[in-house]
>>> print(open('start_39.csv').read())   # CSV, C-alpha atoms
chain,number,residue,atom,x,y,z
A,169,MET,CA,-19.7,-28.9,6.3
A,170,VAL,CA,-18.0,-26.0,4.7
A,171,ARG,CA,-17.8,-25.1,1.1
A,172,LEU,CA,-16.2,-22.4,-1.1
A,173,THR,CA,-17.8,-22.1,-4.5
A,174,HIS,CA,-18.1,-20.0,-7.6
A,175,ASP,CA,-21.6,-21.3,-8.1
A,176,VAL,CA,-24.9,-19.8,-7.0
A,177,ILE,CA,-25.6,-21.0,-3.4
A,178,ASP,CA,-28.4,-23.5,-3.1
A,179,TYR,CA,-29.6,-22.4,0.3
A,180,HIS,CA,-32.6,-24.7,0.1
A,181,GLU,CA,-30.4,-27.7,-0.2
A,182,LEU,CA,-28.1,-26.4,2.6
A,183,THR,CA,-31.1,-25.9,4.9
A,184,GLU,CA,-32.4,-29.3,4.2
A,185,SER,CA,-29.0,-30.8,4.9
A,186,VAL,CA,-29.0,-29.6,8.6
A,187,ARG,CA,-32.6,-30.7,9.5
A,188,THR,CA,-32.8,-33.6,11.8
A,189,SER,CA,-35.5,-35.1,14.0
A,190,ASP,CA,-33.3,-34.2,17.1
A,191,SER,CA,-33.6,-30.5,16.1
A,192,GLY,CA,-36.5,-28.3,17.0
A,193,ALA,CA,-34.9,-25.3,15.4
A,194,VAL,CA,-33.2,-24.6,12.1
A,195,VAL,CA,-31.6,-21.2,11.5
A,196,LEU,CA,-30.5,-20.0,8.1
A,197,PHE,CA,-28.5,-16.8,7.6
A,198,LEU,CA,-28.0,-15.4,4.1
A,199,GLY,CA,-25.5,-12.6,3.4
A,200,THR,CA,-26.6,-10.7,0.3
A,201,VAL,CA,-25.0,-7.9,-1.9
A,202,ARG,CA,-26.4,-4.6,-0.8
A,203,GLU,CA,-26.6,-1.6,-3.0
A,204,MET,CA,-26.0,1.3,-0.7
A,205,THR,CA,-23.1,1.9,1.8
A,206,GLY,CA,-23.7,5.3,3.2
A,207,GLU,CA,-23.9,7.6,0.3
A,208,ARG,CA,-22.0,5.3,-2.1
A,209,ARG,CA,-23.7,3.0,-4.6
A,210,THR,CA,-22.4,-0.5,-5.3
A,211,LEU,CA,-22.8,-1.9,-8.8
A,212,ALA,CA,-21.2,-5.3,-8.0
A,213,LEU,CA,-18.8,-7.1,-5.7
A,214,ASP,CA,-15.9,-9.4,-6.4
A,215,TYR,CA,-15.0,-11.9,-3.8
A,216,ASP,CA,-11.5,-13.6,-3.6
A,217,CYS,CA,-10.0,-15.8,-0.9
A,218,TYR,CA,-7.0,-17.7,0.3
A,219,PRO,CA,-8.6,-21.1,-0.3
A,220,GLU,CA,-6.7,-23.5,1.9
A,221,MET,CA,-6.8,-21.2,4.9
A,222,ALA,CA,-10.4,-20.0,4.4
A,223,GLU,CA,-11.5,-23.6,4.4
A,224,SER,CA,-9.5,-24.4,7.4
A,225,GLN,CA,-10.7,-21.4,9.3
A,226,LEU,CA,-14.3,-22.2,8.5
A,227,VAL,CA,-13.9,-25.7,9.8
A,228,GLN,CA,-12.3,-24.3,13.0
A,229,LEU,CA,-15.3,-22.0,13.4
A,230,GLU,CA,-17.7,-24.8,13.1
A,231,ARG,CA,-15.8,-26.8,15.7
A,232,GLN,CA,-15.7,-23.8,18.1
A,233,ALA,CA,-19.4,-23.3,17.7
A,234,GLN,CA,-20.0,-27.0,18.4
A,235,THR,CA,-18.1,-26.8,21.7
A,236,ARG,CA,-20.1,-23.8,22.8
A,237,TRP,CA,-23.6,-24.8,21.7
A,238,PRO,CA,-25.3,-28.2,21.4
A,239,ILE,CA,-25.4,-28.2,17.6
A,240,GLU,CA,-27.0,-31.0,15.7
A,241,ARG,CA,-25.8,-30.0,12.2
A,242,VAL,CA,-24.1,-27.0,10.7
A,243,GLY,CA,-23.1,-25.9,7.2
A,244,ILE,CA,-21.5,-22.9,5.7
A,245,ILE,CA,-21.2,-22.0,2.1
A,246,HIS,CA,-19.3,-18.9,0.8
A,247,ARG,CA,-19.5,-17.8,-2.8
A,248,LEU,CA,-16.5,-16.3,-4.7
A,249,GLY,CA,-16.2,-14.4,-7.9
A,250,HIS,CA,-18.3,-11.7,-9.4
A,251,LEU,CA,-21.6,-11.0,-7.6
A,252,GLU,CA,-24.5,-8.7,-8.6
A,253,LEU,CA,-26.8,-6.8,-6.3
A,254,GLY,CA,-29.0,-9.1,-4.3
A,255,ASP,CA,-26.9,-12.1,-4.9
A,256,ILE,CA,-26.2,-14.4,-2.0
A,257,SER,CA,-22.6,-14.3,-0.9
A,258,VAL,CA,-22.7,-16.5,2.1
A,259,ALA,CA,-25.1,-19.0,3.7
A,260,VAL,CA,-24.9,-20.4,7.3
A,261,ALA,CA,-27.3,-23.0,8.4
A,262,VAL,CA,-27.4,-24.5,11.9
A,263,SER,CA,-29.8,-26.9,13.7
A,264,CYS,CA,-30.2,-27.3,17.5
A,265,ALA,CA,-32.8,-28.8,19.8
A,266,HIS,CA,-33.9,-25.3,20.7
A,267,ARG,CA,-34.2,-21.9,19.0
A,268,GLN,CA,-32.1,-19.8,21.4
A,269,GLN,CA,-29.1,-22.1,20.8
A,270,ALA,CA,-29.6,-22.1,17.0
A,271,PHE,CA,-29.9,-18.3,16.8
A,272,GLU,CA,-26.9,-17.7,19.0
A,273,ALA,CA,-24.7,-20.3,17.2
A,274,GLY,CA,-25.8,-18.9,13.8
A,275,GLN,CA,-24.9,-15.3,14.9
A,276,PHE,CA,-21.5,-16.4,16.2
A,277,LEU,CA,-20.7,-18.2,13.0
A,278,ILE,CA,-21.3,-15.3,10.7
A,279,ASP,CA,-19.9,-12.7,13.1
A,280,GLN,CA,-16.6,-14.7,13.4
A,281,LEU,CA,-16.5,-15.5,9.7
A,282,LYS,CA,-16.4,-11.8,9.0
A,283,LEU,CA,-13.6,-11.3,11.4
A,284,VAL,CA,-11.2,-14.2,10.7
A,285,VAL,CA,-11.8,-16.1,7.5
A,286,PRO,CA,-9.4,-15.0,4.7
A,287,ILE,CA,-12.0,-13.9,2.2
A,288,TRP,CA,-12.0,-10.3,0.7
A,289,LYS,CA,-14.6,-8.4,-1.2
A,290,LYS,CA,-13.8,-5.7,-3.8
A,291,GLU,CA,-16.4,-2.9,-4.3
A,292,ASN,CA,-17.3,-2.0,-7.9
A,293,TRP,CA,-18.6,1.5,-7.1
A,294,SER,CA,-21.1,3.4,-9.3
A,295,ASP,CA,-18.5,6.1,-10.0
A,296,GLY,CA,-16.5,3.5,-11.9
A,297,THR,CA,-13.8,2.9,-9.3
A,298,THR,CA,-13.0,-0.4,-7.6
A,299,GLU,CA,-11.8,-0.8,-4.0
A,300,TRP,CA,-10.8,-3.7,-1.8
A,301,VAL,CA,-12.7,-3.6,1.5
A,302,HIS,CA,-10.1,-3.9,4.3
A,303,PRO,CA,-11.7,-2.8,7.6
A,304,GLY,CA,-9.3,-0.7,9.7
A,305,ALA,CA,-6.4,-1.5,7.4
A,306,ASP,CA,-4.4,1.6,8.3
A,307,SER,CA,-5.3,1.6,12.0
A,308,VAL,CA,-2.5,0.9,14.5
A,309,SER,CA,-3.7,-1.6,17.0
A,310,GLY,CA,-1.0,-0.8,19.6
A,311,THR,CA,-0.6,-4.5,20.4
A,312,ASP,CA,0.6,-7.4,18.3
A,313,ALA,CA,-1.2,-6.5,15.1
A,314,ALA,CA,-0.6,-9.8,13.5
A,315,VAL,CA,-3.8,-11.6,14.7
A,316,PRO,CA,-7.4,-10.6,14.0
A,317,PRO,CA,-9.3,-8.7,16.7
A,318,ALA,CA,-10.9,-10.7,19.5
A,319,SER,CA,-14.5,-11.7,19.0
A,320,LYS,CA,-17.2,-9.9,20.9
A,321,SER,CA,-18.5,-11.9,23.9
A,322,TYR,CA,-21.2,-14.4,23.4
A,323,PRO,CA,-23.4,-16.2,25.9
B,217,MET,CA,16.6,-18.5,3.5
B,218,LYS,CA,14.7,-17.3,0.5
B,219,LEU,CA,11.1,-17.1,1.8
B,220,GLN,CA,8.3,-17.3,-0.7
B,221,LEU,CA,5.5,-15.1,0.4
B,222,ARG,CA,1.9,-15.3,-1.0
B,223,LEU,CA,0.0,-12.0,-1.1
B,224,PHE,CA,-3.7,-11.3,-1.3
B,225,ALA,CA,-6.1,-8.5,-2.1
B,226,LYS,CA,-4.7,-5.0,-1.9
B,227,ALA,CA,-1.3,-6.2,-0.8
B,228,ARG,CA,-1.1,-8.2,-4.0
B,229,ASP,CA,-2.3,-5.2,-6.0
B,230,LEU,CA,0.2,-2.8,-4.5
B,231,VAL,CA,3.2,-5.1,-5.1
B,232,GLY,CA,1.9,-6.3,-8.4
B,233,GLN,CA,2.5,-10.0,-7.9
B,234,GLU,CA,0.8,-12.9,-6.0
B,235,TYR,CA,4.2,-14.4,-4.9
B,236,VAL,CA,7.3,-12.5,-3.9
B,237,GLU,CA,10.6,-13.7,-2.5
B,238,VAL,CA,12.2,-12.2,0.6
B,239,ASP,CA,15.7,-12.8,1.9
B,240,LEU,CA,15.7,-13.7,5.6
B,241,ASP,CA,17.9,-15.3,8.3
B,242,ASP,CA,17.0,-19.0,8.9
B,243,SER,CA,15.9,-18.0,12.4
B,244,ALA,CA,13.6,-15.2,11.2
B,245,ARG,CA,10.2,-14.6,12.7
B,246,VAL,CA,7.2,-12.7,11.5
B,247,SER,CA,8.5,-9.6,13.1
B,248,ASP,CA,11.7,-9.9,10.9
B,249,LEU,CA,9.5,-10.5,7.8
B,250,LYS,CA,7.6,-7.3,8.5
B,251,ILE,CA,10.9,-5.3,8.5
B,252,ALA,CA,12.1,-7.0,5.4
B,253,LEU,CA,8.8,-6.4,3.6
B,254,ASN,CA,8.8,-2.7,4.5
B,255,ARG,CA,12.3,-2.4,3.0
B,256,ALA,CA,11.7,-4.4,-0.1
B,257,PHE,CA,8.2,-3.1,-0.9
B,258,PRO,CA,7.8,0.4,0.4
B,259,GLN,CA,4.5,0.6,-1.5
B,260,LEU,CA,3.0,-1.6,1.2
B,261,GLU,CA,3.6,1.1,3.8
B,262,PRO,CA,0.0,2.3,4.0
B,263,LEU,CA,-1.2,-1.3,4.7
B,264,MET,CA,1.6,-2.2,7.2
B,265,PRO,CA,-0.2,-1.4,10.5
B,266,GLY,CA,-3.1,-3.8,9.9
B,267,LEU,CA,-1.3,-6.4,7.8
B,268,LEU,CA,-2.0,-10.0,8.8
B,269,PHE,CA,0.4,-12.9,8.5
B,270,ALA,CA,-0.3,-16.6,8.3
B,271,VAL,CA,1.9,-19.7,8.4
B,272,GLY,CA,0.3,-22.8,7.0
B,273,THR,CA,-3.4,-22.1,7.6
B,274,ASP,CA,-3.0,-20.4,10.9
B,275,TYR,CA,-2.6,-16.8,11.8
B,276,ALA,CA,0.9,-16.0,13.0
B,277,GLY,CA,2.0,-13.4,15.5
B,278,ASP,CA,5.2,-11.6,15.6
B,279,ASP,CA,7.1,-14.3,17.4
B,280,VAL,CA,6.3,-17.2,15.1
B,281,ARG,CA,9.3,-18.6,13.3
B,282,LEU,CA,9.1,-18.9,9.5
B,283,ALA,CA,11.6,-21.6,8.5
B,284,ASP,CA,10.2,-25.0,7.5
B,285,ASN,CA,6.7,-24.1,8.8
B,286,GLY,CA,4.7,-24.1,5.6
B,287,GLN,CA,3.4,-21.5,3.2
B,288,VAL,CA,3.6,-18.0,4.5
B,289,ALA,CA,0.9,-15.5,3.4
B,290,CYS,CA,0.3,-11.9,4.0
B,291,PHE,CA,-2.9,-9.9,3.6
B,292,PRO,CA,-4.8,-6.9,4.8
B,293,PRO,CA,-7.9,-7.2,7.1
B,294,VAL,CA,-10.5,-9.6,5.8
B,295,SER,CA,-13.9,-8.8,4.5
B,296,GLY,CA,-15.8,-11.9,3.8
B,297,GLY,CA,-19.5,-12.5,4.4
>>> encode(input="start_39.csv", output="structure tokens")
Amino acid sequence: MVRLTHDVIDYHELTESVRTSDSGAVVLFLGTVREMTGERRTLALDYDCYPEMAESQLVQLERQAQTRWPIERVGIIHRLGHLELGDISVAVAVSCAHRQQAFEAGQFLIDQLKLVVPIWKKENWSDGTTEWVHPGADSVSGTDAAVPPASKSYP
Amino acid sequence: MKLQLRLFAKARDLVGQEYVEVDLDDSARVSDLKIALNRAFPQLEPLMPGLLFAVGTDYAGDDVRLADNGQVACFPPVSGG
């Protein structure tokens, strides 16, 4: 299951939705809005996305995870719009028979989400400026720069 | 062809529009689009090295052809999560 929403994420409901009697382990990851980035202070974040592609990429990530780990159930919810400090921007829940698989799959999903899913956040800094976050936007890759960087290696 | 391109995030802000039209040969690929974009929207120059392209809902490398392949989108590196 994947969902993009402007509503507050109900992570309890998400977690419950992946529990099964075949799962011995349920892992829930929450991404939250953090105040400090180095010396700079965030007041709020604005999230935007390319909806059709974000949804498609999230589904593809779940499928990739399901081929690599024996996943019982998985769900990802990403919130869009204006978020305050401490708000939950993303929730990933995954269930497996054993905890090592659940932890690894969960980490893979959030790590890859941050690399490939067309969602962007805009910082509202305490100095009054706003700034889109585009990691390495002006760096020259040297190779075909049109695809996202390769994922780190997973077990 | 007149290609309609959808822009996001800072690319959209720099150009000032969500959708732009770019004139291209019918046989054009992403690499051709990059050249045309540079020419039509020089304000995108700082973003060009890391700019990503998608056709339909898939990322598209330089060699991907654009005609009749679905919506083309262009955006800087992502920052979800």
>>> residues_around(input="start_39.csv", residues="Ala252 in chain B", least_positions_apart="2", cutoff="12 Å", atoms="only C-alpha atoms", output="short mmCIF file (atom, residue, chain, number, x, y, z; two decimals) with C-alpha atoms, in the coordinates of the input")
data_model
loop_
_atom_site.label_atom_id
_atom_site.label_comp_id
_atom_site.auth_asym_id
_atom_site.auth_seq_id
_atom_site.Cartn_x
_atom_site.Cartn_y
_atom_site.Cartn_z
CA LYS B 218 14.70 -17.30 0.50
CA LEU B 219 11.10 -17.10 1.80
CA LEU B 221 5.50 -15.10 0.40
CA VAL B 236 7.30 -12.50 -3.90
CA GLU B 237 10.60 -13.70 -2.50
CA VAL B 238 12.20 -12.20 0.60
CA ASP B 239 15.70 -12.80 1.90
CA LEU B 240 15.70 -13.70 5.60
CA ASP B 241 17.90 -15.30 8.30
CA ALA B 244 13.60 -15.20 11.20
CA ARG B 245 10.20 -14.60 12.70
CA VAL B 246 7.20 -12.70 11.50
CA SER B 247 8.50 -9.60 13.10
CA ASP B 248 11.70 -9.90 10.90
CA LEU B 249 9.50 -10.50 7.80
CA LYS B 250 7.60 -7.30 8.50
CA ASN B 254 8.80 -2.70 4.50
CA ARG B 255 12.30 -2.40 3.00
CA ALA B 256 11.70 -4.40 -0.10
CA PHE B 257 8.20 -3.10 -0.90
CA PRO B 258 7.80 0.40 0.40
CA LEU B 260 3.00 -1.60 1.20
CA GLU B 261 3.60 1.10 3.80
CA MET B 264 1.60 -2.20 7.20
#
>>> residues_near_point(input="start_39.csv", point="(-30.7, -19.4, 17.8)", cutoff="12 Å", atoms="only C-alpha atoms", output="list of chain:residue names")
A:Ser191, A:Gly192, A:Ala193, A:Val194, A:Val195, A:Leu196, A:Phe197, A:Ala233, A:Trp237, A:Pro238, A:Ile239, A:Ala261, A:Val262, A:Ser263, A:Cys264, A:Ala265, A:His266, A:Arg267, A:Gln268, A:Gln269, A:Ala270, A:Phe271, A:Glu272, A:Ala273, A:Gly274, A:Gln275, A:Phe276, A:Leu277, A:Pro323
>>> write_last_selection(input="start_39.csv", atoms="C-alpha atoms", output="PDB file, keeping the file's coordinate frame")
ATOM      1  CA  SER A 191     -33.600 -30.500  16.100  1.00  0.00           C
ATOM      2  CA  GLY A 192     -36.500 -28.300  17.000  1.00  0.00           C
ATOM      3  CA  ALA A 193     -34.900 -25.300  15.400  1.00  0.00           C
ATOM      4  CA  VAL A 194     -33.200 -24.600  12.100  1.00  0.00           C
ATOM      5  CA  VAL A 195     -31.600 -21.200  11.500  1.00  0.00           C
ATOM      6  CA  LEU A 196     -30.500 -20.000   8.100  1.00  0.00           C
ATOM      7  CA  PHE A 197     -28.500 -16.800   7.600  1.00  0.00           C
ATOM      8  CA  ALA A 233     -19.400 -23.300  17.700  1.00  0.00           C
ATOM      9  CA  TRP A 237     -23.600 -24.800  21.700  1.00  0.00           C
ATOM     10  CA  PRO A 238     -25.300 -28.200  21.400  1.00  0.00           C
ATOM     11  CA  ILE A 239     -25.400 -28.200  17.600  1.00  0.00           C
ATOM     12  CA  ALA A 261     -27.300 -23.000   8.400  1.00  0.00           C
ATOM     13  CA  VAL A 262     -27.400 -24.500  11.900  1.00  0.00           C
ATOM     14  CA  SER A 263     -29.800 -26.900  13.700  1.00  0.00           C
ATOM     15  CA  CYS A 264     -30.200 -27.300  17.500  1.00  0.00           C
ATOM     16  CA  ALA A 265     -32.800 -28.800  19.800  1.00  0.00           C
ATOM     17  CA  HIS A 266     -33.900 -25.300  20.700  1.00  0.00           C
ATOM     18  CA  ARG A 267     -34.200 -21.900  19.000  1.00  0.00           C
ATOM     19  CA  GLN A 268     -32.100 -19.800  21.400  1.00  0.00           C
ATOM     20  CA  GLN A 269     -29.100 -22.100  20.800  1.00  0.00           C
ATOM     21  CA  ALA A 270     -29.600 -22.100  17.000  1.00  0.00           C
ATOM     22  CA  PHE A 271     -29.900 -18.300  16.800  1.00  0.00           C
ATOM     23  CA  GLU A 272     -26.900 -17.700  19.000  1.00  0.00           C
ATOM     24  CA  ALA A 273     -24.700 -20.300  17.200  1.00  0.00           C
ATOM     25  CA  GLY A 274     -25.800 -18.900  13.800  1.00  0.00           C
ATOM     26  CA  GLN A 275     -24.900 -15.300  14.900  1.00  0.00           C
ATOM     27  CA  PHE A 276     -21.500 -16.400  16.200  1.00  0.00           C
ATOM     28  CA  LEU A 277     -20.700 -18.200  13.000  1.00  0.00           C
ATOM     29  CA  PRO A 323     -23.400 -16.200  25.900  1.00  0.00           C
TER      30      PRO A 323
END
>>> closest_atom_pairs(input="start_39.csv", of="chain B", to="chain A", cutoff="10 Å", atoms="all atoms listed in the file", output="JSON lines")
{"residue": "B:Arg222", "atom": "CA", "partner": "A:Tyr218", "partner_atom": "CA", "distance": 9.3}
{"residue": "B:Leu223", "atom": "CA", "partner": "A:Tyr218", "partner_atom": "CA", "distance": 9.1}
{"residue": "B:Phe224", "atom": "CA", "partner": "A:Tyr218", "partner_atom": "CA", "distance": 7.4}
{"residue": "B:Ala225", "atom": "CA", "partner": "A:Trp300", "partner_atom": "CA", "distance": 6.7}
{"residue": "B:Lys226", "atom": "CA", "partner": "A:Trp300", "partner_atom": "CA", "distance": 6.2}
{"residue": "B:Ala227", "atom": "CA", "partner": "A:Trp300", "partner_atom": "CA", "distance": 9.9}
{"residue": "B:Asp229", "atom": "CA", "partner": "A:Trp300", "partner_atom": "CA", "distance": 9.6}
{"residue": "B:Val246", "atom": "CA", "partner": "A:Ala314", "partner_atom": "CA", "distance": 8.6}
{"residue": "B:Ser247", "atom": "CA", "partner": "A:Ala314", "partner_atom": "CA", "distance": 9.1}
{"residue": "B:Lys250", "atom": "CA", "partner": "A:Ala314", "partner_atom": "CA", "distance": 9.9}
{"residue": "B:Glu261", "atom": "CA", "partner": "A:Asp306", "partner_atom": "CA", "distance": 9.2}
{"residue": "B:Pro262", "atom": "CA", "partner": "A:Asp306", "partner_atom": "CA", "distance": 6.2}
{"residue": "B:Leu263", "atom": "CA", "partner": "A:Asp306", "partner_atom": "CA", "distance": 5.6}
{"residue": "B:Met264", "atom": "CA", "partner": "A:Asp306", "partner_atom": "CA", "distance": 7.2}
{"residue": "B:Pro265", "atom": "CA", "partner": "A:Val308", "partner_atom": "CA", "distance": 5.2}
{"residue": "B:Gly266", "atom": "CA", "partner": "A:Ala305", "partner_atom": "CA", "distance": 4.7}
{"residue": "B:Leu267", "atom": "CA", "partner": "A:Ala314", "partner_atom": "CA", "distance": 6.7}
{"residue": "B:Leu268", "atom": "CA", "partner": "A:Ala314", "partner_atom": "CA", "distance": 4.9}
{"residue": "B:Phe269", "atom": "CA", "partner": "A:Ala314", "partner_atom": "CA", "distance": 6.0}
{"residue": "B:Ala270", "atom": "CA", "partner": "A:Ala314", "partner_atom": "CA", "distance": 8.6}
{"residue": "B:Val271", "atom": "CA", "partner": "A:Met221", "partner_atom": "CA", "distance": 9.5}
{"residue": "B:Gly272", "atom": "CA", "partner": "A:Met221", "partner_atom": "CA", "distance": 7.6}
{"residue": "B:Thr273", "atom": "CA", "partner": "A:Met221", "partner_atom": "CA", "distance": 4.4}
{"residue": "B:Asp274", "atom": "CA", "partner": "A:Met221", "partner_atom": "CA", "distance": 7.1}
{"residue": "B:Tyr275", "atom": "CA", "partner": "A:Val315", "partner_atom": "CA", "distance": 6.1}
{"residue": "B:Ala276", "atom": "CA", "partner": "A:Ala314", "partner_atom": "CA", "distance": 6.4}
{"residue": "B:Gly277", "atom": "CA", "partner": "A:Ala314", "partner_atom": "CA", "distance": 4.9}
{"residue": "B:Asp278", "atom": "CA", "partner": "A:Ala314", "partner_atom": "CA", "distance": 6.4}
{"residue": "B:Asp279", "atom": "CA", "partner": "A:Asp312", "partner_atom": "CA", "distance": 9.5}
{"residue": "B:Ala289", "atom": "CA", "partner": "A:Tyr218", "partner_atom": "CA", "distance": 8.8}
{"residue": "B:Cys290", "atom": "CA", "partner": "A:Ala314", "partner_atom": "CA", "distance": 9.8}
{"residue": "B:Phe291", "atom": "CA", "partner": "A:Pro286", "partner_atom": "CA", "distance": 8.3}
{"residue": "B:Pro292", "atom": "CA", "partner": "A:His302", "partner_atom": "CA", "distance": 6.1}
{"residue": "B:Pro293", "atom": "CA", "partner": "A:His302", "partner_atom": "CA", "distance": 4.9}
{"residue": "B:Val294", "atom": "CA", "partner": "A:Trp288", "partner_atom": "CA", "distance": 5.4}
{"residue": "B:Ser295", "atom": "CA", "partner": "A:Trp288", "partner_atom": "CA", "distance": 4.5}
{"residue": "B:Gly296", "atom": "CA", "partner": "A:Ile287", "partner_atom": "CA", "distance": 4.6}
{"residue": "B:Gly297", "atom": "CA", "partner": "A:Lys282", "partner_atom": "CA", "distance": 5.6}
>>> atom_distance(input="start_39.csv", atom1="CA of Gln234 in chain A", atom2="CA of Gly249 in chain A")
29.4 Å
>>> atom_distance(input="start_39.csv", atom1="CA of Glu252 in chain A", atom2="CA of Gly232 in chain B")
26.5 Å
